[in-house]
Each structure stands twice: as structure tokens, then as C-alpha cells.
Amino acid sequence: MTVTVVPMEAAHIAALAEIEKQCFAAPWSAAALAAELENPPAVFLVAVTDAGTVVGYAGMQVAADEGYFTNVAVSPAHRRQGVADKLLDALAAYGREHALARLTLEVRVSNAPALALYEKHGFVRDGVRPRFYSAPTEDAAILSLYFTEEKRETDVHIGN
């Protein structure tokens with residue numbers, strides 16, 4: 001299976017909404033996903049097979065010099081096949097190309113496969129958001145991928 005990462009289009013929305021339902025306790029609706037098409041600071045990328053099947057996607061909001069991941073989802077049938085790797089590589093490339101200082105996200109502290117994936121891609125743990133998730137209630141690990149060492153040192157030492 002060959003997977004290509006492309007910008008999200010209206011034609012992808014129904015498939016992405018279905019992936020959301022398969023992956024999350026509080027999935028984004030088709031309307032919420034479609035709204036991101038009209039949101040210029042947002043970067044939403046879709047993983048599509050050579051047969052045209054949508055198998056995953058990742059979304060990121062960009063503010064100033066930071067990218068914040070809102071969604072990363074791969075259909076359960078296509079996990080552990082490199083789809084998430086391609087999506088993360090594409091968002092990291094976007095961050096570098098647009099001179100972002102860092103990318104950041106939250107993930108359930110119990111989601112060991114996701115934590116391992118992000119850490120494999122160079123993300124580091126920056127802290128915890130208590131009770132961030134519901135259904136079930138759980139803390140979130142805050143992870144960041146820094147593109148400049150100066151920015152990392154500044155962010156990590158604020159308030160110390």
C-alpha cells in the first residue's frame with residue numbers, strides 16, 4: 001500500500017468524520033472538519049492510499065511561530081503501517097518550511113503507542129494537563145517538537 005499525504009479537501013470530510021468516530025470518545029463532526037477548510041491558519045493533511053482510500057489525517061493550528069496539533073488519527077485498520085509517520089513528517093516539514101519555533105500537542109498519558117510515536121519523531125515531554133480528557137477523565141501529556149534550541153531553553157525555563 002502506497003500512501004500519499006495531501007491537503008484536506010471537501011471530498012475528504014465524510015471519510016475523516018468516520019475516522020474520528022472510530023478513534024475518539026469525543027469525535028469532531030463533519031461540520032467541524034469542514035470549517036477548517038475556511039480557517040487559513042489551519043493546516044490539515046490527509047493520508048490517501050494509491051486506491052484513493054482515506055486512511056488518516058492530521059490537523060494543526062498555527063499561531064505566530066507555533067503549531068498546535070488538534071487532531072492526529074489513523075483508521076484502526078491501517079495502523080502500524082507508517083501512516084502516522086508520514087503525517088507527522090509532513091507537519092514537521094511544514095513547521096520547518098514556515099520557520100515555526102515548535103510544534104506542540106497533548107496526548108492521553110495512558111496512550112503508550114502514541115507517546116512512543118511522538119518521541120520517535122523528536123517530541124519531548126513538556127508537562128501534564130491534569131484531567132484534560134473526558135470519557136474517561138485522564139491527564140494529558142504535553143509534548144513539543146522544537147526547531148530551535150534557543151526557543152526550547154526559553155520555554156522550558158519560564159517561571160523557574
# chains A, B, ... in the order shown; residues from 1 in each chain; ligands from 1
>>> residues_around(residues="Asp89 in chain A", least_positions_apart="2", cutoff="12 Å", atoms="only C-alpha atoms", output="JSON, numbers by chain")
{"A": [4, 5, 45, 47, 58, 82, 83, 84, 85, 86, 87, 91, 92, 93, 94, 95, 96, 103, 117, 118, 120, 121, 122, 123, 145]}
>>> select_by_dssp(residues="range 39-115 of chain A", states="strand (DSSP E)", output="count of residues only")
34
>>> atom_distance(atom1="CA of Ala31 in chain A", atom2="CA of Gln61 in chain A")
17.0 Å
>>> residues_around(residues="Thr70 in chain A", least_positions_apart="2", cutoff="7 Å", atoms="only C-alpha atoms", output="list in words")
Gly59, Met60, Gln61 and Tyr68 of chain A
>>> select_by_dssp(residues="chain A", states="alpha helix (DSSP H)", output="ChimeraX atom specification")
/A:13-23,30-35,83-97,112-120,149-157
>>> write_last_selection(atoms="C-alpha atoms", output="CSV table (one decimal), in the first residue's frame")
chain,number,residue,atom,x,y,z
A,13,ILE,CA,-14.7,15.2,5.0
A,14,ALA,CA,-17.1,12.3,5.2
A,15,ALA,CA,-14.2,9.8,5.5
A,16,LEU,CA,-12.4,11.9,8.1
A,17,ALA,CA,-15.6,12.2,10.2
A,18,GLU,CA,-15.9,8.4,10.1
A,19,ILE,CA,-12.2,8.0,11.2
A,20,GLU,CA,-12.9,10.5,14.0
A,21,LYS,CA,-15.8,8.3,15.3
A,22,GLN,CA,-13.5,5.2,15.2
A,23,CYS,CA,-10.7,6.9,17.1
A,30,ALA,CA,-18.1,16.6,9.7
A,31,ALA,CA,-19.2,20.3,10.1
A,32,ALA,CA,-16.3,21.0,12.4
A,33,LEU,CA,-13.8,19.4,10.0
A,34,ALA,CA,-15.3,21.3,7.0
A,35,ALA,CA,-15.0,24.6,8.9
A,83,VAL,CA,0.6,6.3,8.0
A,84,ALA,CA,1.1,8.4,11.2
A,85,ASP,CA,4.8,8.6,10.5
A,86,LYS,CA,4.1,10.2,7.1
A,87,LEU,CA,1.6,12.6,8.6
A,88,LEU,CA,4.0,13.7,11.3
A,89,ASP,CA,6.8,14.1,8.9
A,90,ALA,CA,4.6,16.3,6.7
A,91,LEU,CA,3.6,18.5,9.6
A,92,ALA,CA,7.2,18.8,10.8
A,93,ALA,CA,8.3,19.7,7.2
A,94,TYR,CA,5.6,22.4,7.2
A,95,GLY,CA,6.9,23.7,10.5
A,96,ARG,CA,10.5,23.9,9.3
A,97,GLU,CA,9.5,25.5,5.9
A,112,ALA,CA,1.8,4.4,25.2
A,113,PRO,CA,1.8,3.8,21.4
A,114,ALA,CA,1.1,7.5,20.6
A,115,LEU,CA,3.7,8.6,23.2
A,116,ALA,CA,6.3,6.3,21.6
A,117,LEU,CA,5.4,7.5,18.1
A,118,TYR,CA,5.8,11.2,19.0
A,119,GLU,CA,9.0,10.6,20.9
A,120,LYS,CA,10.4,8.7,17.9
A,149,GLU,CA,17.5,25.2,20.7
A,150,GLU,CA,17.1,28.8,21.9
A,151,LYS,CA,13.3,28.5,21.8
A,152,ARG,CA,13.4,25.3,23.8
A,153,GLU,CA,15.6,26.7,26.5
A,154,THR,CA,13.4,29.8,26.8
A,155,ASP,CA,10.2,27.8,27.0
A,156,VAL,CA,11.4,25.2,29.5
A,157,HIS,CA,12.8,27.7,31.9
>>> closest_residue(among="A:Val128, A:Met8, A:Val107, A:Ala25", to="Phe69 in chain A", atoms="only C-alpha atoms")
A:Val107
>>> closest_residue(among="A:Thr104, A:Asn39, A:Asn111, A:Asn71", to="Phe147 in chain A", atoms="only C-alpha atoms")
A:Thr104
>>> closest_residue(among="A:Thr2, A:Asp126, A:Ala141, A:Pro76", to="Asp50 in chain A", atoms="only C-alpha atoms")
A:Thr2
>>> atom_distance(atom1="CA of Glu9 in chain A", atom2="CA of Leu37 in chain A")
7.2 Å
